[in-house]
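Structure, as structure tokens:
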Amino acid sequence: MDGALLEVTDLRTEFVSRGGVVRAVDDVSFTVGTRETLAIVGESGSGKSATALSLLRLIAPPVGRVSGGIRFADVDVLALDAEGLRRLRGRDVAMVFQDPMTSLNPVLTVGLQLTETLSTHLGLGRRAARARATELLDLVGIPDARRRLDDYPHQFSGGMRQRVMIAMALSCAPKLLIADEPTTALDVTIQAQILELLKRLRRESGTAILLITHDLGVVAGLADRVAVMYAGQIVEMAPTRALFADPRMPYTWGLLDSMPRLDARRGDPLLPIRGSPPDLAAPPPGCWFAPRCAHRRSICTRARPDLLPVPGQEGDRLVRCWGAQTVAEGGWLVGMDRASAAAAVAAHA
């Protein structure tokens with residue numbers, strides 16, 4: 001990582017509902033470095049997509065309110081006017097949206113939608129833009145690309161529409177690619193091709209990637225660092241290898257334990273996380289994961305933990321958990337495996 005390309009500080013995204021103000025993103029801070037891939041993972045409704053949309057100011061009044069700090073290449077994104085946002089979106093920062101059917105215009109051909117982006121941001125003429133659009137469709141694995149430019153979105157399968165969205169996002173070689181579930185609706189073979197394409201893009205063009213996903217297998221193969229989100233908050237952040245080898249937050253344990261494993265014995269059940277996420281219009285006191293946590297103590301239901309560095313790994317690993325922070329006389333669960341950590345928490349409950 002050469003330096004911070006994107007800096008997000010105390011990001012808050014709020015929506016007004018009948019039940020009150022819902023804070024979908026709550027005091028989220030992170031950076032994405034040049035050539036780095038940061039993955040944001042969590043359950044559905046944890047705030048991953050709301051974070052991504054907020055970064056490009058695609059959430060605005062009266063739909064919602066976004067506050068905090070968003071700086072991209074030393075530009076204050078929240079201070080940009082309409083023209084500044086138009087130049088930023090698509091050219092410097094591109095996004096692959098989660099649902100390609102609602103993101104593509106159903107009454108315009110795929111070729112027209114691709115060439116419009118190329119003409120607007122790169123100034124290409126019609127013939128050059130069409131040639132480049134053909135290259136892009138071929139790049140993401142769409143056969144007979146030149147002919148398919150004249151087809152409409154409904155003439156593509158769900159997986160092929162997703163590949164069209166990825167082609168559009170890559171068309172201007174952005175400095176930052178925000179990919180919201182980029183492998184959704186793709187079979188395993190195409191998933192592997194898309195992941196290899198993203199790796200090549202980063203390697204050859206220096207593009208940084210903010211990956212939004214619930215697929216921890218994709219994270220393991222692509223991300224440098226991982227931010228785990230729960231109920232709009234980041235509850236753990238760590239380098240990918242460290243997170244998979246030694247997760248510190250019980251919610252992260254639950255996500256990893258719920259993954260199917262190739263080395264599991266036949267008939268072994270998956271281990272789901274019990275319960276449901278909290279109502280963000282009226283969150284519980286204390287740790288918001290406490291009602292679902294098998295390792296909670298009395299302090300967990302009374303006081304809200306902060307996102308703090310793990311001693312000895314400052315700036316590298318962060319965790320929001322009383323059990324990981326204050327066992328016995330303020331000691332940390334450093335170097336313990338999960339069973340030992342659970343026993344230590346139970347002993348001092």
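The chains in the structure tokens are called A, B, ... from first to last as shown; in each chain the residues are counted from 1, and the ligands are counted from 1 in the order shown.
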
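Using only C-alpha atoms, the protein and nucleic acid residues lying no more than 9 Å from segment 54-57 of chain A, apart from those fewer than 6 places from it along its own chain, are Val8, Leu11, Arg12, Thr13, Val66, Ile70, Val77, Leu78, Leu85, Leu88, Arg89, Val93, Ala94 and Met95 of chain A.
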
- With a distance cut-off of 12 Å and only C-alpha atoms, select the neighbouring residues of Asp257 of chain A, excluding the residue or stretch itself and same-chain residues fewer than 2 positions from it, and output the selection as a ChimeraX atom specification. /A:216,244,247,250-255,259-261,264,268-273,338

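Of the residues in segment 212-265 of chain A, those that DSSP places in strand (DSSP E or B) on the basis of the backbone are Ile212, Thr213, Arg225, Val226, Ala227, Val228, Met229, Tyr230, Gln233, Ile234, Val235, Glu236, Met237, Ala238 and Pro239 of chain A.
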
Written file, previous selection with N, CA and C atoms, as a PDB file, in the first residue's frame:
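Output file result.pdb is given in full below:
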ATOM      1  N   ILE A 212     -17.352  -4.990  -1.442  1.00  0.00           N
ATOM      2  CA  ILE A 212     -18.475  -5.216  -0.534  1.00  0.00           C
ATOM      3  C   ILE A 212     -19.000  -6.616  -0.804  1.00  0.00           C
ATOM      4  N   THR A 213     -18.998  -7.476   0.204  1.00  0.00           N
ATOM      5  CA  THR A 213     -19.414  -8.856  -0.049  1.00  0.00           C
ATOM      6  C   THR A 213     -19.791  -9.556   1.250  1.00  0.00           C
ATOM      7  N   ARG A 225      -6.977  -6.313   3.308  1.00  0.00           N
ATOM      8  CA  ARG A 225      -7.489  -6.095   4.658  1.00  0.00           C
ATOM      9  C   ARG A 225      -8.996  -6.297   4.654  1.00  0.00           C
ATOM     10  N   VAL A 226      -9.551  -6.540   5.848  1.00  0.00           N
ATOM     11  CA  VAL A 226     -10.982  -6.785   5.989  1.00  0.00           C
ATOM     12  C   VAL A 226     -11.544  -5.915   7.104  1.00  0.00           C
ATOM     13  N   ALA A 227     -12.678  -5.273   6.824  1.00  0.00           N
ATOM     14  CA  ALA A 227     -13.449  -4.573   7.854  1.00  0.00           C
ATOM     15  C   ALA A 227     -14.757  -5.330   8.028  1.00  0.00           C
ATOM     16  N   VAL A 228     -15.027  -5.778   9.241  1.00  0.00           N
ATOM     17  CA  VAL A 228     -16.249  -6.518   9.541  1.00  0.00           C
ATOM     18  C   VAL A 228     -17.279  -5.533  10.095  1.00  0.00           C
ATOM     19  N   MET A 229     -18.458  -5.479   9.451  1.00  0.00           N
ATOM     20  CA  MET A 229     -19.508  -4.553   9.887  1.00  0.00           C
ATOM     21  C   MET A 229     -20.660  -5.316  10.523  1.00  0.00           C
ATOM     22  N   TYR A 230     -21.209  -4.706  11.580  1.00  0.00           N
ATOM     23  CA  TYR A 230     -22.404  -5.240  12.220  1.00  0.00           C
ATOM     24  C   TYR A 230     -23.254  -4.065  12.674  1.00  0.00           C
ATOM     25  N   GLN A 233     -21.858  -0.541  12.231  1.00  0.00           N
ATOM     26  CA  GLN A 233     -20.576  -0.228  12.837  1.00  0.00           C
ATOM     27  C   GLN A 233     -19.503  -1.202  12.363  1.00  0.00           C
ATOM     28  N   ILE A 234     -18.266  -0.733  12.322  1.00  0.00           N
ATOM     29  CA  ILE A 234     -17.145  -1.639  12.129  1.00  0.00           C
ATOM     30  C   ILE A 234     -16.812  -2.249  13.493  1.00  0.00           C
ATOM     31  N   VAL A 235     -16.840  -3.589  13.570  1.00  0.00           N
ATOM     32  CA  VAL A 235     -16.580  -4.264  14.842  1.00  0.00           C
ATOM     33  C   VAL A 235     -15.218  -4.937  14.866  1.00  0.00           C
ATOM     34  N   GLU A 236     -14.594  -5.114  13.707  1.00  0.00           N
ATOM     35  CA  GLU A 236     -13.235  -5.649  13.665  1.00  0.00           C
ATOM     36  C   GLU A 236     -12.604  -5.271  12.335  1.00  0.00           C
ATOM     37  N   MET A 237     -11.306  -4.952  12.380  1.00  0.00           N
ATOM     38  CA  MET A 237     -10.554  -4.660  11.159  1.00  0.00           C
ATOM     39  C   MET A 237      -9.169  -5.267  11.306  1.00  0.00           C
ATOM     40  N   ALA A 238      -8.730  -5.969  10.262  1.00  0.00           N
ATOM     41  CA  ALA A 238      -7.450  -6.669  10.347  1.00  0.00           C
ATOM     42  C   ALA A 238      -6.981  -7.045   8.954  1.00  0.00           C
ATOM     43  N   PRO A 239      -5.684  -7.312   8.797  1.00  0.00           N
ATOM     44  CA  PRO A 239      -5.206  -7.925   7.551  1.00  0.00           C
ATOM     45  C   PRO A 239      -5.924  -9.251   7.330  1.00  0.00           C
TER      46      PRO A 239
END

- Taking the backbone alone, and naming residues the way the document does, which bits of segment 19-211 of chain A are alpha helix (DSSP H) by DSSP, as a PyMOL selection string? chain A and resi 48-55+82-88+100-103+110-122+126-139+145-148+158-170+188-205

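With distances restricted to only C-alpha atoms, A:Cys321 is the closest residue to Pro309 of chain A from A:Cys321, A:Arg132, A:Leu197, A:Ala245.
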